[in-house]
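Novice: So here's query-v7.pdb, just PDB, C-alpha atoms, pLDDT in the B column:
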MODEL        1
ATOM      1  CA  MET A 256      52.137-115.066 -36.004  1.00 60.00           C
ATOM      2  CA  THR A 257      51.582-116.667 -32.631  1.00 61.00           C
ATOM      3  CA  THR A 258      54.055-115.383 -30.090  1.00 68.00           C
ATOM      4  CA  ASP A 259      52.128-116.516 -27.024  1.00 80.00           C
ATOM      5  CA  PRO A 260      54.697-118.183 -24.722  1.00 86.00           C
ATOM      6  CA  VAL A 261      52.263-120.967 -23.794  1.00 88.00           C
ATOM      7  CA  TRP A 262      52.880-122.400 -27.290  1.00 92.00           C
ATOM      8  CA  HIS A 263      56.676-122.575 -26.733  1.00 93.00           C
ATOM      9  CA  PRO A 264      56.855-126.115 -25.253  1.00 93.00           C
ATOM     10  CA  LEU A 265      54.935-127.554 -28.217  1.00 93.00           C
ATOM     11  CA  ARG A 266      56.985-125.488 -30.663  1.00 94.00           C
ATOM     12  CA  GLU A 267      60.240-126.755 -29.137  1.00 94.00           C
ATOM     13  CA  GLN A 268      58.970-130.344 -29.346  1.00 93.00           C
ATOM     14  CA  ILE A 269      58.166-129.814 -33.032  1.00 93.00           C
ATOM     15  CA  VAL A 270      61.622-128.297 -33.658  1.00 94.00           C
ATOM     16  CA  THR A 271      63.273-131.303 -31.991  1.00 93.00           C
ATOM     17  CA  GLU A 272      61.286-133.816 -34.044  1.00 92.00           C
ATOM     18  CA  LEU A 273      61.907-131.894 -37.285  1.00 93.00           C
ATOM     19  CA  GLN A 274      65.652-131.912 -36.555  1.00 92.00           C
ATOM     20  CA  VAL A 275      65.473-135.697 -36.310  1.00 90.00           C
ATOM     21  CA  LEU A 276      63.352-135.812 -39.474  1.00 90.00           C
ATOM     22  CA  VAL A 277      65.873-133.891 -41.567  1.00 88.00           C
ATOM     23  CA  ARG A 278      68.630-136.254 -40.381  1.00 85.00           C
ATOM     24  CA  ASN A 279      66.423-138.953 -41.955  1.00 80.00           C
ATOM     25  CA  GLU A 280      65.832-140.773 -38.688  1.00 75.00           C
ATOM     26  CA  HIS A 281      62.044-140.423 -38.988  1.00 73.00           C
ATOM     27  CA  ALA A 282      59.855-140.959 -42.013  1.00 77.00           C
ATOM     28  CA  ALA A 283      57.260-138.409 -40.915  1.00 83.00           C
ATOM     29  CA  VAL A 284      56.292-136.024 -38.118  1.00 87.00           C
ATOM     30  CA  ILE A 285      52.569-135.526 -37.501  1.00 86.00           C
ATOM     31  CA  VAL A 286      51.275-132.798 -35.178  1.00 88.00           C
ATOM     32  CA  SER A 287      47.566-133.332 -34.609  1.00 85.00           C
ATOM     33  CA  GLU A 288      44.584-133.099 -32.431  1.00 80.00           C
ATOM     34  CA  GLN A 289      44.360-136.385 -30.559  1.00 69.00           C
ATOM     35  CA  GLU A 290      41.640-138.760 -31.636  1.00 60.00           C
ATOM     36  CA  THR A 291      38.423-138.707 -29.705  1.00 50.00           C
ATOM     37  CA  GLU A 292      36.703-141.281 -31.929  1.00 49.00           C
ATOM     38  CA  THR A 293      37.721-144.444 -33.712  1.00 41.00           C
ATOM     39  CA  THR A 294      38.969-144.000 -37.245  1.00 43.00           C
ATOM     40  CA  THR A 295      37.874-146.802 -39.526  1.00 41.00           C
ATOM     41  CA  MET A 296      40.256-147.918 -42.231  1.00 37.00           C
ATOM     42  CA  THR A 297      40.313-151.207 -44.070  1.00 35.00           C
ATOM     43  CA  TYR A 298      43.000-153.490 -45.361  1.00 33.00           C
ATOM     44  CA  ASP A 299      41.446-156.960 -45.448  1.00 31.00           C
ATOM     45  CA  ARG A 300      39.844-156.098 -42.117  1.00 30.00           C
ATOM     46  CA  THR A 301      38.704-153.110 -40.047  1.00 34.00           C
ATOM     47  CA  ARG A 302      41.182-151.795 -37.564  1.00 37.00           C
ATOM     48  CA  ARG A 303      41.826-148.757 -35.410  1.00 36.00           C
ATOM     49  CA  VAL A 304      44.652-146.469 -36.443  1.00 39.00           C
ATOM     50  CA  GLY A 305      46.000-143.032 -35.615  1.00 43.00           C
ATOM     51  CA  PRO A 306      45.820-139.773 -37.544  1.00 44.00           C
ATOM     52  CA  TRP A 307      48.608-140.792 -39.940  1.00 49.00           C
ATOM     53  CA  TRP A 308      46.045-142.008 -42.526  1.00 48.00           C
ATOM     54  CA  THR A 309      47.531-139.823 -45.289  1.00 53.00           C
ATOM     55  CA  LEU A 310      50.912-141.496 -45.132  1.00 57.00           C
ATOM     56  CA  ALA A 311      49.290-144.926 -45.023  1.00 55.00           C
ATOM     57  CA  ARG A 312      47.075-144.049 -47.984  1.00 51.00           C
ATOM     58  CA  ARG A 313      50.069-142.795 -49.944  1.00 55.00           C
ATOM     59  CA  LEU A 314      51.890-146.017 -49.298  1.00 57.00           C
ATOM     60  CA  GLY A 315      48.833-147.909 -50.532  1.00 54.00           C
ATOM     61  CA  LEU A 316      48.418-149.721 -47.237  1.00 52.00           C
ATOM     62  CA  VAL A 317      44.795-148.897 -46.553  1.00 46.00           C
ATOM     63  CA  HIS A 318      41.510-147.931 -48.091  1.00 44.00           C
ATOM     64  CA  ILE A 319      39.934-145.074 -46.163  1.00 42.00           C
ATOM     65  CA  GLU A 320      36.244-145.404 -45.346  1.00 42.00           C
ATOM     66  CA  TRP A 321      35.760-142.560 -42.888  1.00 42.00           C
ATOM     67  CA  PHE A 322      37.800-139.523 -41.923  1.00 46.00           C
ATOM     68  CA  PRO A 323      37.745-137.964 -38.473  1.00 54.00           C
ATOM     69  CA  ASN A 324      37.596-134.208 -38.089  1.00 64.00           C
ATOM     70  CA  LEU A 325      41.181-134.075 -36.878  1.00 78.00           C
ATOM     71  CA  ARG A 326      43.103-130.883 -37.403  1.00 85.00           C
ATOM     72  CA  PHE A 327      46.723-131.625 -38.238  1.00 87.00           C
ATOM     73  CA  VAL A 328      49.981-130.597 -39.859  1.00 91.00           C
ATOM     74  CA  GLN A 329      52.415-133.238 -41.053  1.00 90.00           C
ATOM     75  CA  PHE A 330      55.919-133.278 -42.468  1.00 92.00           C
ATOM     76  CA  THR A 331      57.979-135.756 -44.452  1.00 90.00           C
ATOM     77  CA  THR A 332      61.246-135.687 -46.375  1.00 87.00           C
ATOM     78  CA  SER A 333      63.496-137.787 -48.552  1.00 76.00           C
ATOM     79  CA  LYS A 334      67.123-138.817 -48.107  1.00 76.00           C
ATOM     80  CA  ARG A 335      67.729-137.865 -51.732  1.00 76.00           C
ATOM     81  CA  GLU A 336      66.373-134.336 -51.465  1.00 80.00           C
ATOM     82  CA  ASP A 337      66.947-131.236 -49.375  1.00 87.00           C
ATOM     83  CA  THR A 338      63.239-130.513 -49.030  1.00 89.00           C
ATOM     84  CA  VAL A 339      60.653-130.984 -46.289  1.00 91.00           C
ATOM     85  CA  TYR A 340      57.143-131.594 -47.582  1.00 90.00           C
ATOM     86  CA  ALA A 341      54.453-130.194 -45.305  1.00 92.00           C
ATOM     87  CA  GLU A 342      50.699-130.744 -45.399  1.00 90.00           C
ATOM     88  CA  CYS A 343      47.842-129.246 -43.441  1.00 91.00           C
ATOM     89  CA  VAL A 344      44.341-130.693 -43.200  1.00 86.00           C
ATOM     90  CA  GLY A 345      42.211-129.614 -46.139  1.00 82.00           C
ATOM     91  CA  SER A 346      38.893-127.859 -46.466  1.00 81.00           C
ATOM     92  CA  THR A 347      35.662-129.601 -47.325  1.00 77.00           C
ATOM     93  CA  ALA A 348      35.334-126.900 -50.006  1.00 79.00           C
ATOM     94  CA  TRP A 349      37.726-129.023 -52.109  1.00 74.00           C
ATOM     95  CA  ASP A 350      37.157-132.533 -50.731  1.00 71.00           C
ATOM     96  CA  GLY A 351      39.226-132.024 -47.613  1.00 74.00           C
ATOM     97  CA  PHE A 352      38.113-133.204 -44.204  1.00 74.00           C
ATOM     98  CA  ILE A 353      37.101-130.211 -42.098  1.00 83.00           C
ATOM     99  CA  ASP A 354      35.010-127.104 -42.641  1.00 85.00           C
ATOM    100  CA  ILE A 355      37.312-124.118 -43.038  1.00 88.00           C
ATOM    101  CA  THR A 356      35.846-120.643 -43.341  1.00 91.00           C
ATOM    102  CA  PRO A 357      36.908-118.423 -46.236  1.00 92.00           C
ATOM    103  CA  GLU A 358      38.668-116.141 -43.731  1.00 95.00           C
ATOM    104  CA  THR A 359      40.663-119.030 -42.233  1.00 93.00           C
ATOM    105  CA  ASP A 360      41.451-120.264 -45.747  1.00 92.00           C
ATOM    106  CA  ARG A 361      42.815-116.816 -46.641  1.00 94.00           C
ATOM    107  CA  ARG A 362      44.874-116.660 -43.454  1.00 95.00           C
ATOM    108  CA  LEU A 363      46.328-120.147 -44.032  1.00 95.00           C
ATOM    109  CA  ARG A 364      47.327-119.073 -47.537  1.00 93.00           C
ATOM    110  CA  ASP A 365      48.842-115.893 -46.061  1.00 95.00           C
ATOM    111  CA  LEU A 366      51.049-118.149 -43.901  1.00 95.00           C
ATOM    112  CA  GLY A 367      52.385-119.680 -47.112  1.00 93.00           C
ATOM    113  CA  TRP A 368      50.201-122.763 -47.613  1.00 94.00           C
ATOM    114  CA  LEU A 369      49.186-123.626 -51.161  1.00 90.00           C
ATOM    115  CA  SER A 370      45.716-125.021 -51.754  1.00 85.00           C
ATOM    116  CA  PRO A 371      44.806-127.466 -54.537  1.00 79.00           C
ATOM    117  CA  ASP A 372      43.460-124.624 -56.687  1.00 79.00           C
ATOM    118  CA  ASP A 373      46.810-122.791 -56.637  1.00 80.00           C
ATOM    119  CA  PRO A 374      48.667-123.073 -59.979  1.00 77.00           C
ATOM    120  CA  HIS A 375      51.938-123.874 -58.123  1.00 76.00           C
ATOM    121  CA  TYR A 376      50.378-126.709 -56.123  1.00 75.00           C
ATOM    122  CA  PHE A 377      51.592-130.208 -56.870  1.00 67.00           C
ATOM    123  CA  ASP A 378      51.415-133.236 -54.636  1.00 58.00           C
ATOM    124  CA  TYR A 379      54.068-135.777 -55.556  1.00 58.00           C
ATOM    125  CA  SER A 380      51.865-138.720 -54.639  1.00 56.00           C
ATOM    126  CA  PHE A 381      48.503-137.537 -55.922  1.00 53.00           C
ATOM    127  CA  GLY A 382      49.402-134.881 -58.502  1.00 54.00           C
ATOM    128  CA  ARG A 383      47.078-131.900 -58.701  1.00 53.00           C
ATOM    129  CA  GLY A 384      44.095-131.595 -56.438  1.00 53.00           C
ATOM    130  CA  ALA A 385      45.024-133.610 -53.342  1.00 66.00           C
ATOM    131  CA  PRO A 386      42.651-132.474 -50.594  1.00 78.00           C
ATOM    132  CA  MET A 387      45.177-130.722 -48.342  1.00 85.00           C
ATOM    133  CA  TYR A 388      47.156-127.527 -48.080  1.00 90.00           C
ATOM    134  CA  ARG A 389      50.835-128.081 -49.025  1.00 90.00           C
ATOM    135  CA  ILE A 390      54.145-126.322 -48.881  1.00 92.00           C
ATOM    136  CA  ASP A 391      57.679-127.468 -49.627  1.00 90.00           C
ATOM    137  CA  ALA A 392      60.568-125.883 -47.726  1.00 92.00           C
ATOM    138  CA  PRO A 393      64.326-126.416 -47.520  1.00 93.00           C
ATOM    139  CA  LYS A 394      65.498-128.697 -44.705  1.00 91.00           C
ATOM    140  CA  THR A 395      67.312-125.687 -43.238  1.00 93.00           C
ATOM    141  CA  GLU A 396      63.978-123.954 -42.484  1.00 95.00           C
ATOM    142  CA  ILE A 397      63.083-125.907 -39.325  1.00 95.00           C
ATOM    143  CA  ASP A 398      62.163-122.805 -37.298  1.00 95.00           C
ATOM    144  CA  TYR A 399      59.898-121.566 -40.093  1.00 95.00           C
ATOM    145  CA  LEU A 400      58.197-124.974 -40.322  1.00 95.00           C
ATOM    146  CA  ALA A 401      57.670-125.149 -36.547  1.00 95.00           C
ATOM    147  CA  ASP A 402      56.161-121.649 -36.563  1.00 95.00           C
ATOM    148  CA  LEU A 403      54.016-122.644 -39.546  1.00 95.00           C
ATOM    149  CA  ALA A 404      52.701-125.663 -37.625  1.00 94.00           C
ATOM    150  CA  ILE A 405      51.887-123.653 -34.491  1.00 95.00           C
ATOM    151  CA  ASN A 406      50.237-120.801 -36.390  1.00 95.00           C
ATOM    152  CA  SER A 407      48.242-123.180 -38.572  1.00 94.00           C
ATOM    153  CA  LEU A 408      46.944-125.179 -35.608  1.00 93.00           C
ATOM    154  CA  ALA A 409      45.999-121.926 -33.870  1.00 93.00           C
ATOM    155  CA  LEU A 410      44.122-120.729 -36.985  1.00 92.00           C
ATOM    156  CA  LEU A 411      42.301-124.058 -37.084  1.00 91.00           C
ATOM    157  CA  GLY A 412      41.031-123.422 -33.554  1.00 89.00           C
ATOM    158  CA  LEU A 413      43.424-125.428 -31.400  1.00 89.00           C
ATOM    159  CA  THR A 414      44.954-123.964 -28.258  1.00 89.00           C
ATOM    160  CA  PRO A 415      48.000-125.007 -26.211  1.00 86.00           C
ATOM    161  CA  GLN A 416      45.507-126.675 -23.876  1.00 87.00           C
ATOM    162  CA  SER A 417      44.016-128.778 -26.700  1.00 86.00           C
ATOM    163  CA  PRO A 418      44.889-132.476 -26.716  1.00 87.00           C
ATOM    164  CA  ILE A 419      47.713-132.220 -29.286  1.00 88.00           C
ATOM    165  CA  ALA A 420      50.009-135.122 -30.088  1.00 86.00           C
ATOM    166  CA  VAL A 421      53.362-135.071 -31.874  1.00 89.00           C
ATOM    167  CA  GLU A 422      53.872-138.454 -33.501  1.00 86.00           C
ATOM    168  CA  THR A 423      56.682-139.806 -35.592  1.00 84.00           C
ATOM    169  CA  THR A 424      56.946-142.779 -37.900  1.00 80.00           C
ATOM    170  CA  GLN A 425      60.072-144.728 -38.675  1.00 70.00           C
TER     171      GLN A 425
ENDMDL
END
Could you express the structure from this file as C-alpha coordinates?
Specialist:
Amino acid sequence: MTTDPVWHPLREQIVTELQVLVRNEHAAVIVSEQETETTTMTYDRTRRVGPWWTLARRLGLVHIEWFPNLRFVQFTTSKREDTVYAECVGSTAWDGFIDITPETDRRLRDLGWLSPDDPHYFDYSFGRGAPMYRIDAPKTEIDYLADLAINSLALLGLTPQSPIAVETTQ
(Lines of atoms letter the chains of each structure in order from A and count residues from 1; the text may use other names and numbers.)
(Lines give C-alpha, C1' and ligand atoms only; values in the text may rest on other atoms or scores of the structure.)
Protein backbone atom coordinates (compact mmCIF):
# COMPACT_ATOMS: atom_id res chain seq x y z
CA MET A 1 0.00 0.00 0.00
CA THR A 2 1.16 3.49 -0.84
CA THR A 3 1.78 5.51 2.28
CA ASP A 4 3.89 8.20 0.63
CA PRO A 5 2.56 11.54 1.95
CA VAL A 6 2.86 13.17 -1.48
CA TRP A 7 -0.21 11.13 -2.50
CA HIS A 8 -2.31 12.55 0.38
CA PRO A 9 -3.75 15.61 -1.43
CA LEU A 10 -5.02 13.45 -4.30
CA ARG A 11 -6.32 10.83 -1.87
CA GLU A 12 -8.23 13.48 0.10
CA GLN A 13 -9.71 14.84 -3.14
CA ILE A 14 -10.86 11.32 -4.06
CA VAL A 15 -12.38 10.82 -0.58
CA THR A 16 -14.28 14.10 -0.91
CA GLU A 17 -15.67 13.22 -4.34
CA LEU A 18 -16.61 9.69 -3.22
CA GLN A 19 -18.50 11.16 -0.25
CA VAL A 20 -20.52 13.24 -2.70
CA LEU A 21 -20.98 10.19 -4.93
CA VAL A 22 -22.46 8.05 -2.17
CA ARG A 23 -24.91 10.86 -1.33
CA ASN A 24 -26.02 10.42 -4.96
CA GLU A 25 -25.02 13.92 -5.99
CA HIS A 26 -22.68 12.64 -8.72
CA ALA A 27 -23.28 9.90 -11.24
CA ALA A 28 -19.61 8.93 -11.45
CA VAL A 29 -16.12 9.82 -10.22
CA ILE A 30 -13.25 9.24 -12.65
CA VAL A 31 -9.62 9.49 -11.55
CA SER A 32 -7.39 9.39 -14.62
CA GLU A 33 -4.30 10.41 -16.38
CA GLN A 34 -5.13 13.58 -18.27
CA GLU A 35 -5.48 13.27 -22.01
CA THR A 36 -2.48 14.12 -24.11
CA GLU A 37 -4.15 13.19 -27.40
CA THR A 38 -7.60 13.54 -28.90
CA THR A 39 -9.95 10.66 -28.27
CA THR A 40 -12.17 9.94 -31.24
CA MET A 41 -15.70 8.80 -30.58
CA THR A 42 -18.67 8.95 -32.90
CA TYR A 43 -22.34 9.65 -32.49
CA ASP A 44 -23.52 10.98 -35.85
CA ARG A 45 -20.27 12.95 -35.96
CA THR A 46 -16.71 12.90 -34.62
CA ARG A 47 -16.11 14.86 -31.49
CA ARG A 48 -13.55 15.25 -28.73
CA VAL A 49 -14.43 13.87 -25.33
CA GLY A 50 -12.76 13.12 -22.02
CA PRO A 51 -11.73 9.82 -20.46
CA TRP A 52 -15.29 8.98 -19.37
CA TRP A 53 -15.83 6.87 -22.53
CA THR A 54 -16.89 3.80 -20.51
CA LEU A 55 -19.85 5.55 -18.94
CA ALA A 56 -20.85 7.01 -22.29
CA ARG A 57 -20.56 3.60 -23.95
CA ARG A 58 -22.66 2.01 -21.22
CA LEU A 59 -25.34 4.60 -21.72
CA GLY A 60 -25.27 3.84 -25.44
CA LEU A 61 -24.36 7.41 -26.32
CA VAL A 62 -21.32 6.73 -28.46
CA HIS A 63 -19.57 4.22 -30.63
CA ILE A 64 -15.89 4.01 -29.73
CA GLU A 65 -13.43 4.02 -32.61
CA TRP A 66 -10.14 4.51 -30.79
CA PHE A 67 -9.05 4.24 -27.18
CA PRO A 68 -6.27 6.30 -25.66
CA ASN A 69 -3.73 4.68 -23.37
CA LEU A 70 -5.18 6.43 -20.34
CA ARG A 71 -4.71 4.81 -16.98
CA PHE A 72 -7.78 5.32 -14.82
CA VAL A 73 -10.00 4.19 -11.97
CA GLN A 74 -13.67 5.09 -11.96
CA PHE A 75 -16.56 4.73 -9.55
CA THR A 76 -20.33 4.80 -9.85
CA THR A 77 -23.28 3.91 -7.64
CA SER A 78 -27.04 3.68 -7.60
CA LYS A 79 -29.61 5.39 -5.40
CA ARG A 80 -31.33 2.04 -4.96
CA GLU A 81 -28.26 0.16 -3.76
CA ASP A 82 -25.66 0.45 -1.03
CA THR A 83 -22.80 -0.47 -3.36
CA VAL A 84 -20.07 1.46 -5.16
CA TYR A 85 -19.00 -0.10 -8.44
CA ALA A 86 -15.34 0.47 -9.23
CA GLU A 87 -13.45 -0.18 -12.46
CA CYS A 88 -9.79 0.04 -13.38
CA VAL A 89 -8.41 0.18 -16.91
CA GLY A 90 -8.04 -3.29 -18.37
CA SER A 91 -5.16 -5.21 -19.87
CA THR A 92 -4.70 -5.77 -23.57
CA ALA A 93 -4.31 -9.45 -22.60
CA TRP A 94 -8.14 -9.57 -22.45
CA ASP A 95 -9.16 -6.78 -24.83
CA GLY A 96 -8.45 -3.97 -22.40
CA PHE A 97 -6.68 -0.79 -23.40
CA ILE A 98 -3.17 -0.79 -21.95
CA ASP A 99 -0.34 -3.30 -21.71
CA ILE A 100 -0.16 -4.62 -18.16
CA THR A 101 2.63 -6.97 -17.17
CA PRO A 102 1.78 -10.26 -15.47
CA GLU A 103 3.41 -8.93 -12.28
CA THR A 104 1.27 -5.77 -12.30
CA ASP A 105 -1.80 -7.89 -13.06
CA ARG A 106 -1.04 -10.07 -10.03
CA ARG A 107 -0.50 -7.03 -7.82
CA LEU A 108 -3.77 -5.41 -8.97
CA ARG A 109 -5.58 -8.64 -8.14
CA ASP A 110 -3.82 -8.69 -4.75
CA LEU A 111 -5.36 -5.25 -4.10
CA GLY A 112 -8.78 -6.84 -4.58
CA TRP A 113 -9.56 -6.18 -8.25
CA LEU A 114 -11.34 -8.93 -10.17
CA SER A 115 -10.39 -9.50 -13.79
CA PRO A 116 -12.77 -10.78 -16.49
CA ASP A 117 -11.40 -14.31 -16.11
CA ASP A 118 -12.30 -14.44 -12.41
CA PRO A 119 -15.36 -16.65 -11.74
CA HIS A 120 -16.83 -13.96 -9.42
CA TYR A 121 -16.52 -11.21 -12.03
CA PHE A 122 -19.73 -9.78 -13.41
CA ASP A 123 -20.25 -6.43 -15.04
CA TYR A 124 -23.86 -5.30 -14.76
CA SER A 125 -23.80 -3.55 -18.11
CA PHE A 126 -21.74 -5.98 -20.16
CA GLY A 127 -22.06 -9.27 -18.27
CA ARG A 128 -18.99 -11.47 -18.22
CA GLY A 129 -15.81 -10.42 -19.92
CA ALA A 130 -15.93 -6.62 -19.94
CA PRO A 131 -12.37 -5.45 -20.57
CA MET A 132 -11.66 -3.89 -17.17
CA TYR A 133 -10.81 -4.84 -13.62
CA ARG A 134 -13.86 -4.51 -11.32
CA ILE A 135 -14.73 -4.54 -7.67
CA ASP A 136 -17.95 -3.77 -5.81
CA ALA A 137 -17.74 -2.34 -2.29
CA PRO A 138 -20.22 -1.05 0.28
CA LYS A 139 -20.80 2.72 0.24
CA THR A 140 -19.32 2.82 3.75
CA GLU A 141 -15.88 1.81 2.41
CA ILE A 142 -14.83 5.23 1.05
CA ASP A 143 -11.35 5.13 2.62
CA TYR A 144 -10.73 1.66 1.19
CA LEU A 145 -11.85 2.81 -2.27
CA ALA A 146 -9.64 5.92 -2.14
CA ASP A 147 -6.65 3.79 -1.12
CA LEU A 148 -7.53 1.33 -3.88
CA ALA A 149 -7.52 4.16 -6.44
CA ILE A 150 -4.17 5.56 -5.27
CA ASN A 151 -2.48 2.16 -5.08
CA SER A 152 -3.84 1.10 -8.46
CA LEU A 153 -2.68 4.28 -10.19
CA ALA A 154 0.75 3.86 -8.59
CA LEU A 155 0.95 0.24 -9.81
CA LEU A 156 0.01 1.43 -13.29
CA GLY A 157 3.02 3.76 -13.26
CA LEU A 158 1.52 7.11 -12.31
CA THR A 159 3.13 9.32 -9.70
CA PRO A 160 1.75 12.25 -7.67
CA GLN A 161 3.50 14.47 -10.21
CA SER A 162 1.65 12.85 -13.14
CA PRO A 163 -1.09 14.91 -14.78
CA ILE A 164 -4.00 13.29 -12.90
CA ALA A 165 -7.54 14.61 -13.09
CA VAL A 166 -10.48 13.86 -10.80
CA GLU A 167 -13.67 14.34 -12.79
CA THR A 168 -17.28 13.93 -11.85
CA THR A 169 -20.43 13.58 -13.89
CA GLN A 170 -23.89 14.63 -12.85
Novice: Pick from A:Leu325, A:Ala348, A:Ile353, A:Leu400: nearest to Trp368 (chain A), with all atoms listed in the file counted?
Specialist: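 So, comparing all the options, the nearest one is A:Leu400.
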Novice: List as a ChimeraX atom specification the residues having at least one atom at most 12 Å from position (58.7, -128.4, -46.3) as given in the file, counting only C-alpha atoms.
Specialist: /A:273,276-277,283-284,328-333,336-343,367-369,388-401,403-404
Novice: So, with all atoms listed in the file as the atoms that count, which of A:Ala409, A:Ala420, A:Val275, A:Met387 lies closest to Trp349 (chain A)?
Specialist: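 Of A:Ala409, A:Ala420, A:Val275, A:Met387, the one nearest Trp349 (chain A) is A:Met387, counting all atoms listed in the file.
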Novice: Do you know which residues the PyMOL selection byres ((chain A and resi 418) around 8) returns on this file, as a list in words?
Specialist: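 After applying the PyMOL selection byres ((chain A and resi 418) around 8), what remains is Glu288, Gln289, Gln416, Ser417, Ile419 and Ala420 of chain A.
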Novice: So how many Å separate CA of Thr414 (chain A) and CA of Asp365 (chain A), to one decimal?
Specialist: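 It comes out at 19.9 Å.
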Novice: For the file shown, what are the residues hit by the PyMOL selection byres ((chain A and resi 265) around 12), laid out as JSON, numbers by chain?
Specialist: {"A": [259, 260, 261, 262, 263, 264, 266, 267, 268, 269, 270, 271, 272, 286, 287, 401, 402, 404, 405, 406, 408, 409, 414, 415, 416, 417, 418, 419, 420, 421]}
Novice: Taking only C-alpha atoms into account, name the residue in A:Gln274, A:Arg361, A:Pro374, A:Thr423 that is nearest to Ser346 (chain A).
Specialist: A:Arg361
Novice: Quote the spacing between CA of Asp360 (chain A) and CA of Leu413 (chain A) in Å to one decimal place.
Specialist: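 About the pair CA of Asp360 (chain A) and CA of Leu413 (chain A): they are 15.4 Å apart.
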Novice: Go through A:Pro371, A:Arg335, A:Asn279, A:Gly412 one by one, measure the shortest atom-to-atom distance of each to Asp350 (chain A) using only C-alpha atoms, and give the residue with the smallest value.
Specialist: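 Counting only C-alpha atoms, the residue closest to Asp350 (chain A) is A:Pro371.
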Novice: Expressed in Å to a single decimal, how great is the separation between CA of Gly345 (chain A) and CA of Ala282 (chain A)?
Specialist: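 Separating CA of Gly345 (chain A) from CA of Ala282 (chain A) is a distance of 21.4 Å.
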Novice: Put a box with edges along x, y and z around all the listed atoms of region 326-341 of chain A, pad it by 3 Å on each side, then give me its centre and sizes in Å, one decimal, as AutoDock Vina command-line options.
Specialist:
--center_x 55.4 --center_y -134.5 --center_z -44.6 --size_x 30.6 --size_y 14.6 --size_z 20.3
